[in-house]
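Engineer: Hey, dropping structure-v3.cif in here, mmCIF, C-alpha atoms:
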```
data_coords
#
loop_
_atom_site.label_atom_id
_atom_site.label_comp_id
_atom_site.auth_asym_id
_atom_site.auth_seq_id
_atom_site.Cartn_x
_atom_site.Cartn_y
_atom_site.Cartn_z
CA MET H 7 -29.20 -24.32 49.01
CA THR H 8 -29.62 -20.77 47.75
CA GLY H 9 -27.92 -19.56 44.59
CA HIS H 10 -25.55 -17.42 46.67
CA PHE H 11 -24.29 -20.37 48.70
CA ARG H 12 -24.17 -22.65 45.66
CA HIS H 13 -21.86 -20.16 43.95
CA PHE H 14 -19.78 -19.82 47.13
CA TYR H 15 -19.14 -23.54 47.45
CA SER H 16 -18.44 -23.98 43.73
CA ALA H 17 -15.88 -21.20 43.93
CA HIS H 18 -14.39 -22.67 47.12
CA LEU H 19 -13.88 -26.06 45.46
CA MET H 20 -12.09 -24.36 42.56
CA ASP H 21 -9.71 -22.32 44.72
CA ILE H 22 -6.79 -24.74 44.58
CA TYR H 23 -7.12 -25.36 40.84
CA LEU H 24 -7.44 -21.65 40.12
CA SER H 25 -4.39 -20.87 42.26
CA TYR H 26 -2.28 -23.06 39.98
CA ALA H 27 -3.98 -21.79 36.81
CA ALA H 28 -3.23 -18.18 37.75
CA ARG H 29 0.52 -18.73 37.98
CA GLY H 30 2.72 -17.22 35.30
CA ARG H 31 1.56 -15.07 32.41
CA THR H 32 -2.07 -15.85 31.64
CA VAL H 33 -3.13 -13.52 28.82
CA TRP H 34 -5.36 -15.64 26.57
CA TRP H 35 -3.34 -15.31 23.37
CA LEU H 36 -0.25 -16.62 25.15
CA TYR H 37 -2.03 -19.97 25.51
CA VAL H 38 -2.50 -20.16 21.75
CA LEU H 39 1.11 -19.16 21.14
CA THR H 40 2.33 -21.72 23.67
CA VAL H 41 0.44 -24.54 21.94
CA VAL H 42 1.85 -23.55 18.53
CA VAL H 43 5.42 -23.25 19.80
CA GLY H 44 5.05 -26.44 21.84
CA LEU H 45 3.97 -28.36 18.72
CA ALA H 46 6.92 -26.91 16.82
CA PHE H 47 9.30 -28.06 19.58
CA ALA H 48 7.77 -31.55 19.52
CA ILE H 49 7.95 -31.84 15.72
CA LEU H 50 11.56 -30.67 15.73
CA ALA H 51 12.51 -33.20 18.39
CA LEU H 52 10.80 -36.03 16.50
CA LEU H 53 12.44 -35.01 13.23
CA LEU H 54 15.87 -35.06 14.84
CA LEU H 55 15.17 -38.46 16.35
CA SER H 56 13.93 -39.77 13.00
CA MET H 57 17.13 -38.62 11.31
CA LEU H 58 19.22 -40.38 13.91
CA LEU H 59 17.20 -43.58 13.55
CA ALA H 60 17.45 -43.41 9.75
CA LEU H 61 21.25 -43.47 10.05
CA SER H 62 21.19 -46.62 12.16
CA PRO H 63 22.17 -49.75 10.16
CA ILE H 64 20.51 -52.20 12.57
CA LEU H 65 16.90 -51.05 12.22
CA PRO H 66 14.44 -53.23 10.23
CA HIS H 67 13.45 -52.07 6.76
CA ASP H 68 9.76 -52.11 7.68
CA LEU H 69 10.22 -49.94 10.78
CA ALA H 70 7.63 -47.39 9.63
CA GLN H 71 4.97 -50.11 9.41
CA GLN H 72 5.92 -51.56 12.81
CA LEU H 73 5.59 -48.13 14.41
CA GLN H 74 1.94 -47.98 13.37
CA SER H 75 0.78 -51.50 14.23
CA PRO H 76 0.02 -52.92 17.72
CA THR H 77 0.85 -56.36 16.32
CA ASN H 78 4.48 -55.27 16.80
CA PRO H 79 3.98 -54.17 20.43
CA TRP H 80 7.61 -53.52 21.35
CA THR H 81 8.07 -51.01 18.56
CA PHE H 82 4.50 -49.69 18.57
CA PHE H 83 4.37 -48.81 22.26
CA PHE H 84 7.90 -47.40 22.15
CA ALA H 85 6.71 -45.06 19.37
CA ILE H 86 3.70 -44.03 21.47
CA ALA H 87 5.92 -43.18 24.43
CA ILE H 88 8.37 -41.17 22.33
CA ALA H 89 5.68 -39.25 20.44
CA PHE H 90 3.78 -38.28 23.57
CA ALA H 91 6.93 -37.51 25.55
CA ALA H 92 7.96 -35.13 22.77
CA SER H 93 4.50 -33.52 22.79
CA GLY H 94 4.40 -33.07 26.56
CA GLY H 95 7.99 -31.94 26.74
CA GLY H 96 7.47 -29.46 23.92
CA LEU H 97 4.45 -27.94 25.62
CA ALA H 98 6.21 -27.79 29.00
CA ALA H 99 9.22 -26.06 27.43
CA ALA H 100 7.02 -23.58 25.56
CA ALA H 101 4.96 -22.81 28.67
CA ALA H 102 8.12 -22.18 30.69
CA LEU H 103 9.60 -19.97 27.97
CA ILE H 104 6.49 -17.98 27.01
CA GLN H 105 4.27 -18.00 30.10
CA ARG H 106 6.78 -18.56 32.90
CA LYS H 107 4.79 -21.63 33.93
CA ARG H 108 6.69 -24.54 35.47
CA PRO H 109 5.49 -28.12 34.88
CA GLY H 110 4.31 -28.25 38.49
CA ASP H 111 2.06 -25.26 37.86
CA ILE H 112 0.28 -27.22 35.13
CA ILE H 113 0.17 -30.53 37.03
CA GLY H 114 -1.40 -28.84 40.05
CA ALA H 115 -1.82 -30.48 43.45
CA TRP H 116 -0.43 -34.02 43.21
CA HIS H 117 -1.25 -36.80 45.67
CA TRP H 118 -0.18 -40.38 45.00
CA ARG H 119 -3.20 -41.67 46.91
CA LEU H 120 -5.45 -40.04 44.31
CA PHE H 121 -3.44 -41.43 41.41
CA ILE H 122 -3.46 -45.02 42.72
CA GLY H 123 -7.07 -44.77 43.87
CA GLY H 124 -8.23 -43.56 40.46
CA LEU H 125 -6.23 -46.31 38.76
CA LEU H 126 -7.75 -49.10 40.86
CA ALA H 127 -11.29 -47.70 40.85
CA TRP H 128 -11.50 -47.36 37.07
CA LEU H 129 -9.84 -50.75 36.51
CA ALA H 130 -12.63 -52.27 38.61
CA VAL H 131 -15.26 -50.44 36.54
CA GLN H 132 -13.64 -51.66 33.32
CA VAL H 133 -13.73 -55.26 34.54
CA ILE H 134 -17.45 -54.92 35.33
CA LEU H 135 -18.24 -53.38 31.93
CA SER H 136 -16.34 -56.14 30.13
CA GLY H 137 -18.15 -58.72 32.26
CA ILE H 138 -21.50 -57.34 31.07
CA ASP H 139 -20.35 -57.63 27.46
CA PHE H 140 -19.25 -61.21 28.09
CA VAL H 141 -22.68 -62.11 29.45
CA LEU H 142 -24.32 -60.58 26.36
CA ALA H 143 -21.97 -62.08 23.77
CA PRO H 144 -19.69 -64.79 25.21
CA SER H 145 -18.78 -66.09 21.75
CA GLY H 146 -17.17 -62.73 20.98
CA PHE H 147 -14.41 -63.27 23.54
CA SER H 148 -11.32 -65.41 23.12
CA LEU H 149 -8.59 -66.15 25.65
CA THR H 150 -4.96 -65.64 24.66
CA ARG H 151 -1.69 -66.41 26.37
CA GLY H 152 -1.43 -62.72 27.16
CA ALA H 153 1.73 -60.66 27.04
CA MET H 154 4.90 -61.80 28.75
CA PRO H 155 5.59 -59.90 32.00
CA VAL H 156 8.39 -57.82 30.48
CA LEU H 157 6.18 -56.74 27.57
CA ALA H 158 3.30 -56.02 29.94
CA PHE H 159 5.56 -53.72 31.96
CA TRP H 160 6.93 -52.14 28.78
CA THR H 161 3.40 -51.41 27.62
CA PHE H 162 2.41 -50.08 31.03
CA SER H 163 5.35 -47.66 30.98
CA ALA H 164 4.55 -46.46 27.46
CA ILE H 165 0.86 -45.91 28.21
CA LEU H 166 1.78 -44.17 31.46
CA VAL H 167 3.72 -41.65 29.39
CA GLN H 168 0.86 -41.33 26.90
CA THR H 169 -1.93 -40.84 29.42
CA PHE H 170 0.03 -38.55 31.71
CA THR H 171 0.89 -36.37 28.71
CA GLU H 172 -2.76 -36.17 27.68
CA GLU H 173 -3.76 -35.21 31.23
CA PHE H 174 -0.94 -32.66 31.39
CA VAL H 175 -2.08 -31.09 28.13
CA PHE H 176 -5.88 -31.33 28.37
CA ARG H 177 -6.84 -31.43 32.07
CA GLY H 178 -3.82 -29.38 33.02
CA PHE H 179 -2.79 -26.72 30.51
CA ILE H 180 -5.93 -26.39 28.37
CA THR H 181 -8.48 -26.69 31.18
CA GLN H 182 -6.55 -24.17 33.29
CA GLY H 183 -6.75 -21.69 30.45
CA ILE H 184 -10.49 -22.33 30.03
CA VAL H 185 -11.16 -21.94 33.76
CA LEU H 186 -9.55 -18.51 33.78
CA VAL H 187 -12.08 -17.42 31.14
CA LEU H 188 -15.06 -19.50 32.34
CA PRO H 189 -14.76 -19.72 36.14
CA HIS H 190 -17.56 -22.26 36.47
CA PRO H 191 -16.53 -25.93 36.87
CA VAL H 192 -19.29 -27.47 34.75
CA LEU H 193 -19.03 -25.01 31.83
CA ALA H 194 -15.23 -25.19 31.83
CA ALA H 195 -15.35 -28.99 31.93
CA CYS H 196 -17.78 -29.12 28.99
CA VAL H 197 -15.59 -26.93 26.79
CA SER H 198 -12.51 -28.95 27.75
CA GLY H 199 -14.32 -32.21 26.95
CA LEU H 200 -15.42 -30.97 23.54
CA ILE H 201 -11.82 -30.12 22.66
CA PHE H 202 -10.63 -33.52 23.87
CA GLY H 203 -13.33 -35.28 21.86
CA ALA H 204 -12.47 -33.35 18.70
CA ILE H 205 -8.93 -34.71 18.83
CA HIS H 206 -10.37 -38.27 18.83
CA ILE H 207 -12.63 -37.88 15.79
CA PRO H 208 -10.14 -39.78 13.55
CA ASN H 209 -10.71 -42.82 15.80
CA GLY H 210 -14.38 -42.98 14.76
CA TRP H 211 -17.55 -41.37 16.09
CA PRO H 212 -18.26 -43.82 18.94
CA GLN H 213 -14.80 -43.26 20.40
CA ALA H 214 -14.99 -39.52 19.77
CA ILE H 215 -18.32 -39.28 21.61
CA ASN H 216 -16.92 -41.36 24.46
CA ALA H 217 -13.86 -39.09 24.54
CA VAL H 218 -16.07 -36.00 24.87
CA TRP H 219 -17.80 -37.41 27.92
CA PHE H 220 -14.55 -38.82 29.33
CA GLY H 221 -12.96 -35.38 28.88
CA ILE H 222 -15.86 -33.59 30.57
CA ILE H 223 -15.85 -35.86 33.62
CA CYS H 224 -12.05 -35.83 33.96
CA ALA H 225 -11.87 -32.05 33.61
CA PHE H 226 -14.54 -31.67 36.30
CA ILE H 227 -12.64 -34.07 38.58
CA ALA H 228 -9.34 -32.25 37.99
CA ILE H 229 -10.95 -28.92 38.88
CA ARG H 230 -12.51 -30.38 42.03
CA THR H 231 -9.26 -32.01 43.21
CA GLY H 232 -6.93 -29.16 42.25
CA GLY H 233 -4.77 -31.14 39.83
CA ILE H 234 -4.40 -34.10 37.48
CA ALA H 235 -3.35 -36.86 39.92
CA LEU H 236 -6.74 -38.57 40.11
CA THR H 237 -7.52 -38.22 36.40
CA SER H 238 -4.04 -39.51 35.47
CA GLY H 239 -4.79 -42.73 37.35
CA ILE H 240 -8.22 -43.05 35.72
CA HIS H 241 -6.82 -42.42 32.24
CA LEU H 242 -3.98 -44.91 32.74
CA ALA H 243 -6.44 -47.59 33.86
CA ASN H 244 -8.68 -46.89 30.86
CA ASN H 245 -5.98 -47.18 28.21
CA TYR H 246 -3.91 -49.95 29.79
CA PHE H 247 -6.97 -52.16 30.25
CA GLY H 248 -7.80 -51.63 26.56
CA ALA H 249 -4.26 -52.51 25.51
CA MET H 250 -3.40 -55.41 27.81
CA GLY H 251 -6.63 -56.52 29.48
CA VAL H 252 -9.54 -56.88 27.08
CA VAL H 253 -8.47 -55.76 23.61
CA SER H 254 -11.36 -54.76 21.36
CA GLY H 255 -11.37 -55.61 17.69
CA VAL H 256 -12.57 -52.09 16.85
CA ASP H 257 -10.20 -50.17 19.13
CA VAL H 258 -6.97 -48.35 18.32
CA PHE H 259 -5.12 -51.13 20.21
CA LYS H 260 -6.53 -53.83 17.92
CA GLY H 261 -3.86 -56.51 17.54
CA SER H 262 -2.19 -55.84 20.88
CA PRO H 263 -1.37 -59.07 22.80
CA GLY H 264 -3.89 -58.64 25.60
CA LEU H 265 -5.26 -61.24 27.97
CA LEU H 266 -8.63 -61.38 26.20
CA ILE H 267 -9.63 -60.45 22.68
CA GLN H 268 -13.14 -59.01 22.24
CA ASN H 269 -14.70 -59.08 18.80
CA THR H 270 -18.24 -57.79 19.31
CA PRO H 271 -18.87 -55.00 16.79
CA GLN H 272 -22.62 -55.42 17.36
CA LEU H 273 -22.12 -54.09 20.90
CA GLN H 274 -20.20 -50.98 19.86
CA TRP H 275 -22.99 -48.49 20.54
CA TRP H 276 -24.18 -50.45 23.58
CA ASP H 277 -20.65 -50.18 24.98
CA LEU H 278 -20.76 -46.42 24.36
CA ILE H 279 -23.97 -46.10 26.37
CA LEU H 280 -22.53 -48.19 29.21
CA ALA H 281 -19.33 -46.13 29.23
CA ILE H 282 -21.29 -42.87 29.38
CA LEU H 283 -23.38 -44.16 32.28
CA ALA H 284 -20.29 -45.39 34.12
CA LEU H 285 -18.55 -42.05 33.64
CA ALA H 286 -21.64 -40.21 34.83
CA ALA H 287 -21.56 -42.27 38.03
CA LEU H 288 -17.79 -41.93 38.47
CA PRO H 289 -17.83 -38.71 40.56
CA TRP H 290 -20.31 -40.34 42.94
CA LEU H 291 -18.12 -43.46 43.19
CA LEU H 292 -15.01 -41.40 43.85
CA GLN H 293 -16.83 -39.48 46.58
CA LYS H 294 -17.82 -42.76 48.24
CA LEU H 295 -14.17 -43.85 48.09
CA ARG H 296 -13.15 -40.50 49.63
CA LEU H 297 -11.08 -39.64 46.57
CA LEU H 298 -13.21 -36.69 45.48
CA PRO H 299 -14.24 -33.92 47.89
CA THR H 300 -17.96 -33.63 48.51
CA ARG H 301 -19.88 -30.41 48.13
CA LYS H 302 -20.69 -29.13 51.62
CA ARG H 303 -24.15 -27.92 52.51
CA ALA H 304 -24.91 -24.61 54.10
#
```
Written as structure tokens, how would this file's structure read?
Structural biologist:
Amino acid sequence: MTGHFRHFYSAHLMDIYLSYAARGRTVWWLYVLTVVVGLAFAILALLLLSMLLALSPILPHDLAQQLQSPTNPWTFFFAIAIAFAASGGGLAAAAALIQRKRPGDIIGAWHWRLFIGGLLAWLAVQVILSGIDFVLAPSGFSLTRGAMPVLAFWTFSAILVQTFTEEFVFRGFITQGIVLVLPHPVLAACVSGLIFGAIHIPNGWPQAINAVWFGIICAFIAIRTGGIALTSGIHLANNYFGAMGVVSGVDVFKGSPGLLIQNTPQLQWWDLILAILALAALPWLLQKLRLLPTRKRA
């Protein structure tokens, strides 16, 4: 395909995403202002909630510790849901106030088929990757009783809030802003992924590197599909499997009552390589499942 036609089809695949990105006021500095004001809204909301909780006489004295430890899953996952709901709500409110962008403008084209398809597809990939680890180091896995159904649903709901918020912020708001400046899907996706990875540096370098690649692939998929439905399903599968399926001893969900516990620190970098390869193949897999549009030939 000639360069002219390659550019034409790349632009055509971005039309839907760009149509949502262009809504509202899109001057670049308004994006920065919106993020700052959105964070201020979120912090204010969390401070008010903290004050209300501090006045409650029925809360445990070690509540602060429980909020930070997956070994207390009811409290821990409730805290995750509240923190991310405040962050997403703060950004949505700031975008509406400053940029005249509605939440639907940031979400983009939403199709439940894409959300469910992405969820199931990436769950299957996660099972395969964990199976490879089990073959390599079976002694590093231990079976637990797993979480009770109510707790499993509670965790699912909390992680749904968390992952949707991250998609709303990173593959929605931030990537839309990048695309308006860099109207090329691959370049925009790379910049978006680097930002996403930088946020995960406190989790350690293997997870930060994985987050960069995860962010790049998800941003590219969001651009190609016109919204965050497919990537929201993928992200939910990724985090829920790590919290309730196979819980790694070196992951942020360490201590969560999952079905299997994996303690294989010697495979940490091997797992990173496998994850990068799986993510690289993900667009191809989604095309085969008819979840991601294919690039037409001239």
Engineer: Write out as a PyMOL selection string which residues come within 7 Å of region 229-241 of chain H when counting only C-alpha atoms, dropping same-chain ones fewer than 4 positions away.
Structural biologist: chain H and resi 19-20+22-23+113-118+120-122+124-125+128+169-170+173+177-178+191+224-225+245+298
Engineer: Considering all atoms listed in the file, state which residue in the set H:Ser198, H:Ser136, H:Asn216, H:Asn244 is at the smallest distance from Ala228 (chain H).
Structural biologist: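 Closest candidate: H:Ser198.
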Engineer: Hey, what's within 12 Å of Ile205 (chain H) if we count all atoms listed in the file and toss same-chain stuff fewer than 3 positions away? As a count of residues only, please?
Structural biologist: 18
Engineer: Please provide the set of residues having any atom within 12 Å of Ala85 (chain H), restricted to only C-alpha atoms, with same-chain residues fewer than 2 positions apart removed, written as a VMD selection string.
Structural biologist: chain H and resid 52 55 to 56 69 to 76 78 to 83 87 to 92 160 to 161 163 to 165 167 to 168
Engineer: Tell me, as a list in words, which residues lie within 9 Å of Arg31 (chain H), counting only C-alpha atoms; anything in the same chain fewer than 3 positions away does not count.
Structural biologist: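 Result of the neighbour search: Ala28, Leu36, Ile104, Gln105, Arg106 and Lys107 of chain H.
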Engineer: Separation of CA of Phe226 (chain H) and CA of Arg119 (chain H), in Å?
Structural biologist: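 Here the two named atoms are 18.5 Å from each other.
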Engineer: Can I get a file of region 160-273 of chain H from the given structure, C-alpha atoms kept, as a PDB file, in the first residue's frame?
Structural biologist:
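Written output follows (selection19.pdb):
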```
ATOM      1  CA  TRP H 160     -17.682  -7.093  46.111  1.00  0.00           C
ATOM      2  CA  THR H 161     -14.147  -7.217  44.742  1.00  0.00           C
ATOM      3  CA  PHE H 162     -15.393  -7.391  41.159  1.00  0.00           C
ATOM      4  CA  SER H 163     -17.497  -4.267  41.705  1.00  0.00           C
ATOM      5  CA  ALA H 164     -14.616  -2.368  43.295  1.00  0.00           C
ATOM      6  CA  ILE H 165     -12.155  -3.293  40.547  1.00  0.00           C
ATOM      7  CA  LEU H 166     -14.768  -2.438  37.923  1.00  0.00           C
ATOM      8  CA  VAL H 167     -14.829   1.088  39.346  1.00  0.00           C
ATOM      9  CA  GLN H 168     -11.030   1.215  39.480  1.00  0.00           C
ATOM     10  CA  THR H 169     -10.368  -0.021  35.956  1.00  0.00           C
ATOM     11  CA  PHE H 170     -13.167   1.963  34.339  1.00  0.00           C
ATOM     12  CA  THR H 171     -11.833   5.110  36.008  1.00  0.00           C
ATOM     13  CA  GLU H 172      -8.323   4.440  34.719  1.00  0.00           C
ATOM     14  CA  GLU H 173      -9.669   3.881  31.202  1.00  0.00           C
ATOM     15  CA  PHE H 174     -11.801   7.021  31.465  1.00  0.00           C
ATOM     16  CA  VAL H 175      -8.781   9.067  32.528  1.00  0.00           C
ATOM     17  CA  PHE H 176      -5.976   7.553  30.435  1.00  0.00           C
ATOM     18  CA  ARG H 177      -7.521   6.023  27.295  1.00  0.00           C
ATOM     19  CA  GLY H 178     -10.332   8.541  27.317  1.00  0.00           C
ATOM     20  CA  PHE H 179      -9.408  12.020  28.506  1.00  0.00           C
ATOM     21  CA  ILE H 180      -5.603  11.968  28.233  1.00  0.00           C
ATOM     22  CA  THR H 181      -5.359  10.019  24.976  1.00  0.00           C
ATOM     23  CA  GLN H 182      -8.008  12.247  23.375  1.00  0.00           C
ATOM     24  CA  GLY H 183      -5.920  15.276  24.227  1.00  0.00           C
ATOM     25  CA  ILE H 184      -2.780  13.628  22.822  1.00  0.00           C
ATOM     26  CA  VAL H 185      -4.533  12.614  19.593  1.00  0.00           C
ATOM     27  CA  LEU H 186      -5.578  16.194  18.936  1.00  0.00           C
ATOM     28  CA  VAL H 187      -1.889  17.171  19.019  1.00  0.00           C
ATOM     29  CA  LEU H 188      -0.433  13.985  17.471  1.00  0.00           C
ATOM     30  CA  PRO H 189      -3.040  12.717  14.980  1.00  0.00           C
ATOM     31  CA  HIS H 190      -1.223   9.439  14.371  1.00  0.00           C
ATOM     32  CA  PRO H 191      -2.523   6.363  16.235  1.00  0.00           C
ATOM     33  CA  VAL H 192       0.841   4.746  16.983  1.00  0.00           C
ATOM     34  CA  LEU H 193       2.609   7.931  18.151  1.00  0.00           C
ATOM     35  CA  ALA H 194      -0.376   8.991  20.259  1.00  0.00           C
ATOM     36  CA  ALA H 195      -0.606   5.519  21.791  1.00  0.00           C
ATOM     37  CA  CYS H 196       3.109   5.524  22.672  1.00  0.00           C
ATOM     38  CA  VAL H 197       2.903   8.868  24.465  1.00  0.00           C
ATOM     39  CA  SER H 198      -0.237   7.752  26.302  1.00  0.00           C
ATOM     40  CA  GLY H 199       1.446   4.502  27.352  1.00  0.00           C
ATOM     41  CA  LEU H 200       4.504   6.299  28.690  1.00  0.00           C
ATOM     42  CA  ILE H 201       2.287   8.496  30.866  1.00  0.00           C
ATOM     43  CA  PHE H 202       0.375   5.454  32.117  1.00  0.00           C
ATOM     44  CA  GLY H 203       3.609   3.632  32.909  1.00  0.00           C
ATOM     45  CA  ALA H 204       5.024   6.610  34.804  1.00  0.00           C
ATOM     46  CA  ILE H 205       2.072   6.482  37.195  1.00  0.00           C
ATOM     47  CA  HIS H 206       2.961   2.837  37.995  1.00  0.00           C
ATOM     48  CA  ILE H 207       6.641   3.399  38.816  1.00  0.00           C
ATOM     49  CA  PRO H 208       5.940   3.181  42.593  1.00  0.00           C
ATOM     50  CA  ASN H 209       4.789  -0.423  42.000  1.00  0.00           C
ATOM     51  CA  GLY H 210       8.290  -1.422  40.868  1.00  0.00           C
ATOM     52  CA  TRP H 211      10.063  -1.407  37.515  1.00  0.00           C
ATOM     53  CA  PRO H 212       8.691  -4.709  36.145  1.00  0.00           C
ATOM     54  CA  GLN H 213       5.119  -3.540  36.692  1.00  0.00           C
ATOM     55  CA  ALA H 214       5.918  -0.059  35.400  1.00  0.00           C
ATOM     56  CA  ILE H 215       7.398  -1.476  32.189  1.00  0.00           C
ATOM     57  CA  ASN H 216       4.397  -3.764  31.785  1.00  0.00           C
ATOM     58  CA  ALA H 217       2.107  -0.774  32.368  1.00  0.00           C
ATOM     59  CA  VAL H 218       3.849   1.185  29.590  1.00  0.00           C
ATOM     60  CA  TRP H 219       3.220  -1.581  27.079  1.00  0.00           C
ATOM     61  CA  PHE H 220      -0.292  -2.224  28.414  1.00  0.00           C
ATOM     62  CA  GLY H 221      -1.024   1.498  28.073  1.00  0.00           C
ATOM     63  CA  ILE H 222       0.319   1.655  24.518  1.00  0.00           C
ATOM     64  CA  ILE H 223      -1.731  -1.319  23.318  1.00  0.00           C
ATOM     65  CA  CYS H 224      -4.905  -0.175  25.082  1.00  0.00           C
ATOM     66  CA  ALA H 225      -4.574   3.375  23.770  1.00  0.00           C
ATOM     67  CA  PHE H 226      -4.126   2.038  20.237  1.00  0.00           C
ATOM     68  CA  ILE H 227      -7.185  -0.209  20.652  1.00  0.00           C
ATOM     69  CA  ALA H 228      -9.278   2.666  22.033  1.00  0.00           C
ATOM     70  CA  ILE H 229      -8.338   4.852  19.077  1.00  0.00           C
ATOM     71  CA  ARG H 230      -9.170   2.075  16.607  1.00  0.00           C
ATOM     72  CA  THR H 231     -12.553   1.302  18.203  1.00  0.00           C
ATOM     73  CA  GLY H 232     -13.591   4.896  18.886  1.00  0.00           C
ATOM     74  CA  GLY H 233     -13.918   4.559  22.656  1.00  0.00           C
ATOM     75  CA  ILE H 234     -12.960   2.748  25.853  1.00  0.00           C
ATOM     76  CA  ALA H 235     -15.475  -0.137  25.862  1.00  0.00           C
ATOM     77  CA  LEU H 236     -13.056  -2.812  24.661  1.00  0.00           C
ATOM     78  CA  THR H 237     -10.131  -1.608  26.781  1.00  0.00           C
ATOM     79  CA  SER H 238     -12.362  -1.362  29.876  1.00  0.00           C
ATOM     80  CA  GLY H 239     -13.163  -5.063  29.530  1.00  0.00           C
ATOM     81  CA  ILE H 240      -9.492  -5.951  29.021  1.00  0.00           C
ATOM     82  CA  HIS H 241      -8.389  -3.870  32.008  1.00  0.00           C
ATOM     83  CA  LEU H 242     -11.093  -5.335  34.254  1.00  0.00           C
ATOM     84  CA  ALA H 243     -10.041  -8.878  33.314  1.00  0.00           C
ATOM     85  CA  ASN H 244      -6.391  -8.045  33.976  1.00  0.00           C
ATOM     86  CA  ASN H 245      -6.887  -6.625  37.460  1.00  0.00           C
ATOM     87  CA  TYR H 246      -9.669  -8.927  38.640  1.00  0.00           C
ATOM     88  CA  PHE H 247      -7.710 -12.023  37.649  1.00  0.00           C
ATOM     89  CA  GLY H 248      -4.747 -10.686  39.640  1.00  0.00           C
ATOM     90  CA  ALA H 249      -6.926 -10.009  42.676  1.00  0.00           C
ATOM     91  CA  MET H 250      -9.219 -13.042  42.748  1.00  0.00           C
ATOM     92  CA  GLY H 251      -7.794 -15.586  40.298  1.00  0.00           C
ATOM     93  CA  VAL H 252      -4.060 -16.103  40.643  1.00  0.00           C
ATOM     94  CA  VAL H 253      -2.674 -13.689  43.232  1.00  0.00           C
ATOM     95  CA  SER H 254       1.045 -13.035  42.881  1.00  0.00           C
ATOM     96  CA  GLY H 255       3.270 -12.665  45.902  1.00  0.00           C
ATOM     97  CA  VAL H 256       4.961  -9.645  44.325  1.00  0.00           C
ATOM     98  CA  ASP H 257       1.830  -7.862  43.088  1.00  0.00           C
ATOM     99  CA  VAL H 258      -0.071  -4.947  44.604  1.00  0.00           C
ATOM    100  CA  PHE H 259      -2.879  -7.419  45.445  1.00  0.00           C
ATOM    101  CA  LYS H 260      -0.542  -9.592  47.531  1.00  0.00           C
ATOM    102  CA  GLY H 261      -2.585 -11.016  50.407  1.00  0.00           C
ATOM    103  CA  SER H 262      -5.910 -10.901  48.589  1.00  0.00           C
ATOM    104  CA  PRO H 263      -7.960 -14.126  49.057  1.00  0.00           C
ATOM    105  CA  GLY H 264      -7.687 -15.408  45.500  1.00  0.00           C
ATOM    106  CA  LEU H 265      -8.262 -18.908  44.197  1.00  0.00           C
ATOM    107  CA  LEU H 266      -4.534 -19.576  43.744  1.00  0.00           C
ATOM    108  CA  ILE H 267      -1.508 -17.977  45.348  1.00  0.00           C
ATOM    109  CA  GLN H 268       1.600 -17.684  43.165  1.00  0.00           C
ATOM    110  CA  ASN H 269       4.950 -17.186  44.844  1.00  0.00           C
ATOM    111  CA  THR H 270       7.497 -17.321  42.029  1.00  0.00           C
ATOM    112  CA  PRO H 271       9.737 -14.251  42.290  1.00  0.00           C
ATOM    113  CA  GLN H 272      12.295 -16.005  40.064  1.00  0.00           C
ATOM    114  CA  LEU H 273       9.803 -15.743  37.183  1.00  0.00           C
TER     115      LEU H 273
END
```
